[in-house]
$ cat run35.cif   # mmCIF, N, CA and C atoms
data_final
#
loop_
_atom_site.label_atom_id
_atom_site.label_comp_id
_atom_site.auth_asym_id
_atom_site.auth_seq_id
_atom_site.Cartn_x
_atom_site.Cartn_y
_atom_site.Cartn_z
N GLN A 1 -12.26 0.51 -15.60
CA GLN A 1 -12.46 0.76 -14.17
C GLN A 1 -11.80 -0.36 -13.38
N VAL A 2 -11.17 0.02 -12.26
CA VAL A 2 -10.49 -0.93 -11.39
C VAL A 2 -11.02 -0.77 -9.98
N ARG A 3 -11.31 -1.87 -9.35
CA ARG A 3 -11.78 -1.87 -7.97
C ARG A 3 -10.70 -2.46 -7.08
N LEU A 4 -10.46 -1.78 -5.96
CA LEU A 4 -9.43 -2.22 -5.02
C LEU A 4 -10.08 -2.53 -3.67
N VAL A 5 -9.80 -3.69 -3.14
CA VAL A 5 -10.35 -4.11 -1.85
C VAL A 5 -9.20 -4.42 -0.91
N GLU A 6 -9.12 -3.65 0.16
CA GLU A 6 -8.03 -3.78 1.12
C GLU A 6 -8.47 -4.60 2.33
N SER A 7 -7.49 -5.20 2.98
CA SER A 7 -7.76 -5.91 4.22
C SER A 7 -6.48 -5.97 5.05
N GLY A 8 -6.64 -6.21 6.34
CA GLY A 8 -5.48 -6.45 7.19
C GLY A 8 -5.13 -5.37 8.17
N GLY A 9 -5.82 -4.24 8.17
CA GLY A 9 -5.50 -3.19 9.12
C GLY A 9 -5.91 -3.58 10.53
N GLY A 10 -5.53 -2.76 11.50
CA GLY A 10 -5.90 -3.03 12.88
C GLY A 10 -5.00 -2.32 13.86
N LEU A 11 -5.10 -2.76 15.10
CA LEU A 11 -4.30 -2.18 16.18
C LEU A 11 -3.20 -3.17 16.56
N VAL A 12 -1.99 -2.66 16.65
CA VAL A 12 -0.86 -3.51 17.00
C VAL A 12 0.08 -2.72 17.91
N GLN A 13 0.68 -3.39 18.85
CA GLN A 13 1.61 -2.73 19.76
C GLN A 13 2.91 -2.38 19.06
N ALA A 14 3.57 -1.36 19.57
CA ALA A 14 4.85 -0.96 19.01
C ALA A 14 5.82 -2.13 19.00
N GLY A 15 6.51 -2.26 17.88
CA GLY A 15 7.43 -3.38 17.70
C GLY A 15 6.79 -4.58 17.05
N GLY A 16 5.48 -4.55 16.91
CA GLY A 16 4.75 -5.66 16.32
C GLY A 16 4.73 -5.62 14.81
N SER A 17 4.00 -6.57 14.23
CA SER A 17 3.93 -6.72 12.79
C SER A 17 2.48 -6.79 12.33
N LEU A 18 2.30 -6.42 11.09
CA LEU A 18 0.97 -6.45 10.47
C LEU A 18 1.17 -6.58 8.97
N THR A 19 0.25 -7.28 8.31
CA THR A 19 0.31 -7.41 6.86
C THR A 19 -0.98 -6.90 6.24
N LEU A 20 -0.84 -6.00 5.30
CA LEU A 20 -1.97 -5.48 4.53
C LEU A 20 -2.03 -6.18 3.18
N SER A 21 -3.25 -6.38 2.70
CA SER A 21 -3.45 -6.97 1.38
C SER A 21 -4.41 -6.09 0.59
N CYS A 22 -4.23 -6.07 -0.72
CA CYS A 22 -5.12 -5.31 -1.59
C CYS A 22 -5.31 -6.09 -2.87
N ALA A 23 -6.54 -6.45 -3.15
CA ALA A 23 -6.86 -7.19 -4.37
C ALA A 23 -7.52 -6.27 -5.39
N ALA A 24 -7.01 -6.30 -6.60
CA ALA A 24 -7.54 -5.47 -7.68
C ALA A 24 -8.39 -6.32 -8.61
N SER A 25 -9.45 -5.73 -9.09
CA SER A 25 -10.30 -6.41 -10.06
C SER A 25 -10.82 -5.39 -11.07
N GLY A 26 -11.23 -5.89 -12.24
CA GLY A 26 -11.75 -5.00 -13.27
C GLY A 26 -10.87 -5.01 -14.50
N SER A 27 -10.72 -3.84 -15.10
CA SER A 27 -9.97 -3.71 -16.36
C SER A 27 -8.48 -3.56 -16.05
N ILE A 28 -7.85 -4.71 -15.85
CA ILE A 28 -6.43 -4.72 -15.47
C ILE A 28 -5.61 -5.27 -16.61
N PHE A 29 -4.65 -4.48 -17.08
CA PHE A 29 -3.73 -4.93 -18.08
C PHE A 29 -2.42 -5.34 -17.40
N SER A 30 -1.60 -6.05 -18.13
CA SER A 30 -0.43 -6.67 -17.50
C SER A 30 0.55 -5.65 -16.93
N ARG A 31 0.70 -4.51 -17.59
CA ARG A 31 1.65 -3.52 -17.10
C ARG A 31 0.95 -2.55 -16.15
N ASN A 32 1.36 -2.55 -14.89
CA ASN A 32 0.76 -1.64 -13.93
C ASN A 32 1.66 -1.52 -12.72
N THR A 33 1.34 -0.57 -11.89
CA THR A 33 2.03 -0.37 -10.63
C THR A 33 0.99 -0.39 -9.51
N MET A 34 1.30 -1.12 -8.47
CA MET A 34 0.43 -1.14 -7.29
C MET A 34 1.26 -0.76 -6.07
N GLY A 35 0.57 -0.34 -5.05
CA GLY A 35 1.32 0.02 -3.86
C GLY A 35 0.46 0.59 -2.76
N TRP A 36 1.13 1.31 -1.86
CA TRP A 36 0.47 1.82 -0.67
C TRP A 36 0.90 3.25 -0.38
N TYR A 37 -0.07 4.05 -0.01
CA TYR A 37 0.17 5.37 0.54
C TYR A 37 -0.48 5.38 1.91
N ARG A 38 -0.12 6.38 2.70
CA ARG A 38 -0.76 6.52 4.01
C ARG A 38 -0.99 7.99 4.34
N GLN A 39 -1.97 8.20 5.21
CA GLN A 39 -2.28 9.56 5.63
C GLN A 39 -2.56 9.55 7.12
N GLY A 40 -1.67 10.17 7.87
CA GLY A 40 -1.87 10.32 9.30
C GLY A 40 -2.79 11.49 9.59
N SER A 41 -3.29 11.54 10.80
CA SER A 41 -4.21 12.60 11.20
C SER A 41 -3.54 13.97 11.05
N GLY A 42 -4.15 14.85 10.30
CA GLY A 42 -3.61 16.18 10.10
C GLY A 42 -2.43 16.26 9.17
N LYS A 43 -2.15 15.17 8.48
CA LYS A 43 -0.99 15.13 7.58
C LYS A 43 -1.43 14.89 6.15
N GLU A 44 -0.52 15.16 5.22
CA GLU A 44 -0.79 14.88 3.82
C GLU A 44 -0.57 13.40 3.52
N ARG A 45 -1.23 12.94 2.48
CA ARG A 45 -1.02 11.56 2.06
C ARG A 45 0.41 11.41 1.53
N GLU A 46 1.07 10.34 1.92
CA GLU A 46 2.46 10.13 1.52
C GLU A 46 2.68 8.73 1.00
N LEU A 47 3.66 8.61 0.13
CA LEU A 47 4.03 7.32 -0.42
C LEU A 47 4.62 6.43 0.67
N VAL A 48 4.21 5.17 0.69
CA VAL A 48 4.82 4.17 1.55
C VAL A 48 5.68 3.24 0.70
N ALA A 49 5.05 2.61 -0.27
CA ALA A 49 5.78 1.66 -1.12
C ALA A 49 4.99 1.36 -2.37
N THR A 50 5.71 1.17 -3.47
CA THR A 50 5.07 0.74 -4.71
C THR A 50 5.87 -0.40 -5.32
N ILE A 51 5.20 -1.15 -6.18
CA ILE A 51 5.85 -2.25 -6.88
C ILE A 51 5.23 -2.37 -8.26
N THR A 52 6.07 -2.46 -9.27
CA THR A 52 5.57 -2.60 -10.64
C THR A 52 5.24 -4.06 -10.93
N SER A 53 4.55 -4.29 -12.02
CA SER A 53 4.23 -5.65 -12.41
C SER A 53 5.49 -6.44 -12.74
N GLY A 54 6.58 -5.72 -13.02
CA GLY A 54 7.85 -6.39 -13.26
C GLY A 54 8.65 -6.64 -12.00
N GLY A 55 8.14 -6.17 -10.86
CA GLY A 55 8.80 -6.44 -9.59
C GLY A 55 9.70 -5.35 -9.07
N TYR A 56 9.76 -4.22 -9.75
CA TYR A 56 10.59 -3.11 -9.26
C TYR A 56 9.88 -2.43 -8.09
N THR A 57 10.60 -2.24 -7.00
CA THR A 57 10.00 -1.66 -5.80
C THR A 57 10.57 -0.29 -5.48
N ASN A 58 9.77 0.49 -4.79
CA ASN A 58 10.17 1.81 -4.32
C ASN A 58 9.57 1.99 -2.94
N LEU A 59 10.42 2.22 -1.94
CA LEU A 59 9.95 2.38 -0.57
C LEU A 59 10.37 3.72 -0.01
N ALA A 60 9.52 4.31 0.81
CA ALA A 60 9.87 5.54 1.49
C ALA A 60 11.02 5.28 2.46
N ASP A 61 11.88 6.27 2.63
CA ASP A 61 13.03 6.12 3.51
C ASP A 61 12.59 5.75 4.93
N SER A 62 11.45 6.28 5.35
CA SER A 62 10.99 6.07 6.72
C SER A 62 10.60 4.62 7.01
N VAL A 63 10.40 3.82 5.97
CA VAL A 63 9.97 2.42 6.19
C VAL A 63 11.00 1.41 5.69
N LYS A 64 12.04 1.87 5.05
CA LYS A 64 13.06 0.94 4.55
C LYS A 64 13.67 0.15 5.70
N GLY A 65 13.81 -1.14 5.48
CA GLY A 65 14.35 -2.02 6.51
C GLY A 65 13.28 -2.57 7.45
N ARG A 66 12.07 -1.99 7.38
CA ARG A 66 10.98 -2.45 8.26
C ARG A 66 9.79 -2.98 7.47
N PHE A 67 9.50 -2.37 6.34
CA PHE A 67 8.35 -2.76 5.52
C PHE A 67 8.84 -3.45 4.24
N THR A 68 8.04 -4.38 3.77
CA THR A 68 8.32 -5.06 2.51
C THR A 68 7.05 -5.06 1.66
N VAL A 69 7.19 -4.67 0.40
CA VAL A 69 6.06 -4.71 -0.53
C VAL A 69 6.27 -5.85 -1.51
N SER A 70 5.21 -6.59 -1.78
CA SER A 70 5.29 -7.70 -2.72
C SER A 70 3.95 -7.82 -3.44
N ARG A 71 3.92 -8.64 -4.47
CA ARG A 71 2.67 -8.80 -5.22
C ARG A 71 2.59 -10.19 -5.82
N ASP A 72 1.35 -10.59 -6.07
CA ASP A 72 1.06 -11.83 -6.78
C ASP A 72 0.32 -11.42 -8.04
N ASN A 73 1.01 -11.43 -9.16
CA ASN A 73 0.41 -10.95 -10.41
C ASN A 73 -0.76 -11.83 -10.84
N ALA A 74 -0.69 -13.11 -10.55
CA ALA A 74 -1.78 -14.01 -10.93
C ALA A 74 -3.08 -13.65 -10.21
N LYS A 75 -2.93 -13.11 -9.00
CA LYS A 75 -4.11 -12.74 -8.19
C LYS A 75 -4.37 -11.23 -8.21
N ASN A 76 -3.53 -10.49 -8.93
CA ASN A 76 -3.65 -9.01 -8.94
C ASN A 76 -3.74 -8.46 -7.53
N THR A 77 -2.88 -8.96 -6.67
CA THR A 77 -2.90 -8.60 -5.26
C THR A 77 -1.53 -8.09 -4.84
N VAL A 78 -1.54 -7.01 -4.07
CA VAL A 78 -0.32 -6.44 -3.52
C VAL A 78 -0.38 -6.56 -2.00
N TYR A 79 0.80 -6.79 -1.41
CA TYR A 79 0.91 -6.97 0.03
C TYR A 79 1.88 -5.96 0.61
N LEU A 80 1.64 -5.60 1.86
CA LEU A 80 2.59 -4.76 2.59
C LEU A 80 2.84 -5.43 3.93
N GLN A 81 4.02 -6.00 4.07
CA GLN A 81 4.43 -6.61 5.33
C GLN A 81 5.10 -5.53 6.16
N MET A 82 4.54 -5.24 7.33
CA MET A 82 5.04 -4.17 8.18
C MET A 82 5.58 -4.78 9.47
N ASN A 83 6.86 -4.60 9.70
CA ASN A 83 7.52 -5.10 10.91
C ASN A 83 8.05 -3.92 11.72
N SER A 84 8.35 -4.19 12.97
CA SER A 84 8.91 -3.17 13.87
C SER A 84 8.09 -1.89 13.81
N LEU A 85 6.80 -2.03 13.93
CA LEU A 85 5.92 -0.88 13.80
C LEU A 85 6.15 0.12 14.92
N LYS A 86 5.99 1.40 14.56
CA LYS A 86 6.19 2.50 15.48
C LYS A 86 4.90 3.33 15.58
N PRO A 87 4.75 4.08 16.65
CA PRO A 87 3.55 4.94 16.75
C PRO A 87 3.40 5.88 15.56
N GLU A 88 4.51 6.33 15.00
CA GLU A 88 4.43 7.25 13.86
C GLU A 88 3.96 6.56 12.58
N ASP A 89 3.81 5.26 12.60
CA ASP A 89 3.24 4.54 11.46
C ASP A 89 1.71 4.57 11.49
N THR A 90 1.16 5.07 12.57
CA THR A 90 -0.29 5.17 12.68
C THR A 90 -0.85 6.05 11.57
N ALA A 91 -1.79 5.51 10.80
CA ALA A 91 -2.34 6.23 9.65
C ALA A 91 -3.42 5.38 9.01
N VAL A 92 -4.14 6.01 8.09
CA VAL A 92 -4.99 5.25 7.18
C VAL A 92 -4.14 4.89 5.97
N TYR A 93 -4.09 3.62 5.66
CA TYR A 93 -3.28 3.13 4.55
C TYR A 93 -4.20 2.89 3.34
N TYR A 94 -3.79 3.47 2.22
CA TYR A 94 -4.58 3.39 1.00
C TYR A 94 -3.84 2.58 -0.06
N CYS A 95 -4.56 1.64 -0.62
CA CYS A 95 -4.02 0.89 -1.75
C CYS A 95 -4.10 1.76 -3.00
N TYR A 96 -3.11 1.61 -3.87
CA TYR A 96 -2.99 2.45 -5.06
C TYR A 96 -2.74 1.57 -6.28
N PHE A 97 -3.38 1.92 -7.37
CA PHE A 97 -3.18 1.20 -8.63
C PHE A 97 -3.01 2.23 -9.75
N ARG A 98 -1.96 2.05 -10.54
CA ARG A 98 -1.76 2.89 -11.71
C ARG A 98 -1.57 2.00 -12.92
N GLY A 99 -2.44 2.18 -13.90
CA GLY A 99 -2.35 1.39 -15.11
C GLY A 99 -1.40 2.02 -16.12
N ALA A 100 -1.21 1.34 -17.23
CA ALA A 100 -0.32 1.84 -18.27
C ALA A 100 -0.95 3.00 -19.04
N VAL A 101 -2.26 3.08 -19.04
CA VAL A 101 -2.95 4.16 -19.73
C VAL A 101 -2.89 5.42 -18.87
N PRO A 102 -2.43 6.55 -19.40
CA PRO A 102 -2.38 7.79 -18.60
C PRO A 102 -3.72 8.14 -17.99
N GLY A 103 -3.69 8.52 -16.72
CA GLY A 103 -4.93 8.88 -16.03
C GLY A 103 -5.63 7.72 -15.36
N SER A 104 -5.13 6.52 -15.53
CA SER A 104 -5.79 5.35 -14.93
C SER A 104 -5.21 5.10 -13.54
N ASN A 105 -5.57 5.98 -12.62
CA ASN A 105 -5.14 5.89 -11.23
C ASN A 105 -6.35 5.59 -10.35
N TYR A 106 -6.19 4.65 -9.45
CA TYR A 106 -7.30 4.26 -8.60
C TYR A 106 -6.81 4.11 -7.16
N TRP A 107 -7.76 4.32 -6.24
CA TRP A 107 -7.47 4.24 -4.81
C TRP A 107 -8.44 3.29 -4.13
N GLY A 108 -7.94 2.59 -3.10
CA GLY A 108 -8.81 1.80 -2.26
C GLY A 108 -9.52 2.69 -1.25
N GLN A 109 -10.35 2.08 -0.44
CA GLN A 109 -11.15 2.85 0.52
C GLN A 109 -10.35 3.22 1.77
N GLY A 110 -9.22 2.58 1.96
CA GLY A 110 -8.37 2.87 3.12
C GLY A 110 -8.62 1.90 4.25
N THR A 111 -7.54 1.59 4.96
CA THR A 111 -7.64 0.73 6.13
C THR A 111 -6.79 1.32 7.25
N GLN A 112 -7.34 1.36 8.44
CA GLN A 112 -6.68 2.03 9.57
C GLN A 112 -5.63 1.11 10.19
N VAL A 113 -4.46 1.66 10.41
CA VAL A 113 -3.41 1.00 11.18
C VAL A 113 -3.09 1.89 12.37
N THR A 114 -3.19 1.33 13.57
CA THR A 114 -2.96 2.09 14.78
C THR A 114 -1.89 1.42 15.62
N VAL A 115 -0.86 2.19 15.97
CA VAL A 115 0.22 1.71 16.82
C VAL A 115 0.27 2.65 18.02
N PRO A 116 -0.27 2.26 19.14
CA PRO A 116 -0.32 3.14 20.31
C PRO A 116 1.08 3.46 20.84
N SER A 117 1.22 4.66 21.36
CA SER A 117 2.51 5.05 21.93
C SER A 117 2.58 4.67 23.42
#

$ encode --input "run35.cif" --output "structure tokens"
Amino acid sequence: QVRLVESGGGLVQAGGSLTLSCAASGSIFSRNTMGWYRQGSGKERELVATITSGGYTNLADSVKGRFTVSRDNAKNTVYLQMNSLKPEDTAVYYCYFRGAVPGSNYWGQGTQVTVPS
């Protein structure tokens, strides 16, 4: 079992920046993928960014050039640095963890990011 605790959401004006953090604890093996998904009101949950324990990253086209995903393996923590925020970035952001064992997928409780138009 893996527990994910997110922090850093809030309200920020368009063009501003925000950093999300997610700390994982529990049965964590060295090989894993962590990242972020988001779900806007009335929309499906979508990938924002992921990063493997080896440092390979994958970002959605809509956030490339504005968002950066990073991690501290020693702390089992993943970060999402969000710059040049837009109203369309408004969503609940969910931390995601996928272990090496098939089926070992976990989600955080979600943190709200609001960018007023």

$ closest_residue --input "run35.cif" --among "A:Thr52, A:Thr111, A:Asn76, A:Met82" --to "Lys64 (chain A)" --atoms "only C-alpha atoms"
A:Met82

$ residues_around --input "run35.cif" --residues "Asn58 (chain A)" --least-positions-apart "4" --cutoff "12 Å" --atoms "only C-alpha atoms" --output "list in words"
Thr33, Met34, Gly35, Trp36, Tyr37, Leu47, Val48, Ala49, Thr50, Ile51, Thr52, Ser62, Val63, Lys64, Phe67, Thr68, Val69 and Ser70 of chain A

$ atom_distance --input "run35.cif" --atom1 "atom C of Val2 (chain A)" --atom2 "atom C of Val113 (chain A)"
23.9 Å

$ residues_around --input "run35.cif" --residues "Ser21 (chain A)" --least-positions-apart "6" --cutoff "8 Å" --atoms "only C-alpha atoms" --output "list in words"
Glu6, Ser7, Gly8, Thr77, Val78, Tyr79 and Leu80 of chain A

$ resolve_selection --input "run35.cif" --expression "the PyMOL selection byres (((chain A and resi 101 and name CA) around 12) and name CA)" --output "list in words"
Gln1, Ser27, Ile28, Phe29, Ser30, Arg31, Asn32, Thr33, Phe97, Arg98, Gly99, Ala100, Pro102, Gly103, Ser104, Asn105 and Tyr106 of chain A

$ atom_distance --input "run35.cif" --atom1 "atom N of Gly26 (chain A)" --atom2 "atom C of Arg3 (chain A)"
6.2 Å

$ select_by_dssp --input "run35.cif" --residues "region 58-102 of chain A" --states "strand (DSSP E)" --output "CSV table (one decimal) with N, CA and C atoms, in the coordinates of the input"
chain,number,residue,atom,x,y,z
A,58,ASN,N,9.8,0.5,-4.8
A,58,ASN,CA,10.2,1.8,-4.3
A,58,ASN,C,9.6,2.0,-2.9
A,59,LEU,N,10.4,2.2,-1.9
A,59,LEU,CA,10.0,2.4,-0.6
A,59,LEU,C,10.4,3.7,0.0
A,67,PHE,N,9.5,-2.4,6.3
A,67,PHE,CA,8.4,-2.8,5.5
A,67,PHE,C,8.8,-3.4,4.2
A,68,THR,N,8.0,-4.4,3.8
A,68,THR,CA,8.3,-5.1,2.5
A,68,THR,C,7.0,-5.1,1.7
A,69,VAL,N,7.2,-4.7,0.4
A,69,VAL,CA,6.1,-4.7,-0.5
A,69,VAL,C,6.3,-5.8,-1.5
A,70,SER,N,5.2,-6.6,-1.8
A,70,SER,CA,5.3,-7.7,-2.7
A,70,SER,C,4.0,-7.8,-3.4
A,71,ARG,N,3.9,-8.6,-4.5
A,71,ARG,CA,2.7,-8.8,-5.2
A,71,ARG,C,2.6,-10.2,-5.8
A,72,ASP,N,1.4,-10.6,-6.1
A,72,ASP,CA,1.1,-11.8,-6.8
A,72,ASP,C,0.3,-11.4,-8.0
A,77,THR,N,-2.9,-9.0,-6.7
A,77,THR,CA,-2.9,-8.6,-5.3
A,77,THR,C,-1.5,-8.1,-4.8
A,78,VAL,N,-1.5,-7.0,-4.1
A,78,VAL,CA,-0.3,-6.4,-3.5
A,78,VAL,C,-0.4,-6.6,-2.0
A,79,TYR,N,0.8,-6.8,-1.4
A,79,TYR,CA,0.9,-7.0,0.0
A,79,TYR,C,1.9,-6.0,0.6
A,80,LEU,N,1.6,-5.6,1.9
A,80,LEU,CA,2.6,-4.8,2.6
A,80,LEU,C,2.8,-5.4,3.9
A,81,GLN,N,4.0,-6.0,4.1
A,81,GLN,CA,4.4,-6.6,5.3
A,81,GLN,C,5.1,-5.5,6.2
A,82,MET,N,4.5,-5.2,7.3
A,82,MET,CA,5.0,-4.2,8.2
A,82,MET,C,5.6,-4.8,9.5
A,91,ALA,N,-1.8,5.5,10.8
A,91,ALA,CA,-2.3,6.2,9.6
A,91,ALA,C,-3.4,5.4,9.0
A,92,VAL,N,-4.1,6.0,8.1
A,92,VAL,CA,-5.0,5.2,7.2
A,92,VAL,C,-4.1,4.9,6.0
A,93,TYR,N,-4.1,3.6,5.7
A,93,TYR,CA,-3.3,3.1,4.6
A,93,TYR,C,-4.2,2.9,3.3
A,94,TYR,N,-3.8,3.5,2.2
A,94,TYR,CA,-4.6,3.4,1.0
A,94,TYR,C,-3.8,2.6,-0.1
A,95,CYS,N,-4.6,1.6,-0.6
A,95,CYS,CA,-4.0,0.9,-1.8
A,95,CYS,C,-4.1,1.8,-3.0
A,96,TYR,N,-3.1,1.6,-3.9
A,96,TYR,CA,-3.0,2.4,-5.1
A,96,TYR,C,-2.7,1.6,-6.3
A,97,PHE,N,-3.4,1.9,-7.4
A,97,PHE,CA,-3.2,1.2,-8.6
A,97,PHE,C,-3.0,2.2,-9.8
A,98,ARG,N,-2.0,2.0,-10.5
A,98,ARG,CA,-1.8,2.9,-11.7
A,98,ARG,C,-1.6,2.0,-12.9
A,99,GLY,N,-2.4,2.2,-13.9
A,99,GLY,CA,-2.4,1.4,-15.1
A,99,GLY,C,-1.4,2.0,-16.1

$ atom_distance --input "run35.cif" --atom1 "CA of Ala91 (chain A)" --atom2 "CA of Asn73 (chain A)"
26.6 Å

$ closest_residue --input "run35.cif" --among "A:Leu59, A:Leu11, A:Leu20, A:Val5" --to "Gln81 (chain A)" --atoms "only N, CA and C atoms"
A:Leu20

$ closest_residue --input "run35.cif" --among "A:Gly16, A:Gly110, A:Gly10, A:Gly42" --to "Lys86 (chain A)" --atoms "only N, CA and C atoms"
A:Gly16

$ residues_around --input "run35.cif" --residues "Pro116 (chain A)" --least-positions-apart "6" --cutoff "6 Å" --atoms "all atoms listed in the file" --output "list in words"
Val12, Gln13, Ala14 and Pro87 of chain A

$ closest_residue --input "run35.cif" --among "A:Tyr93, A:Leu18, A:Ala24, A:Gln109" --to "Gln39 (chain A)" --atoms "all atoms listed in the file"
A:Tyr93
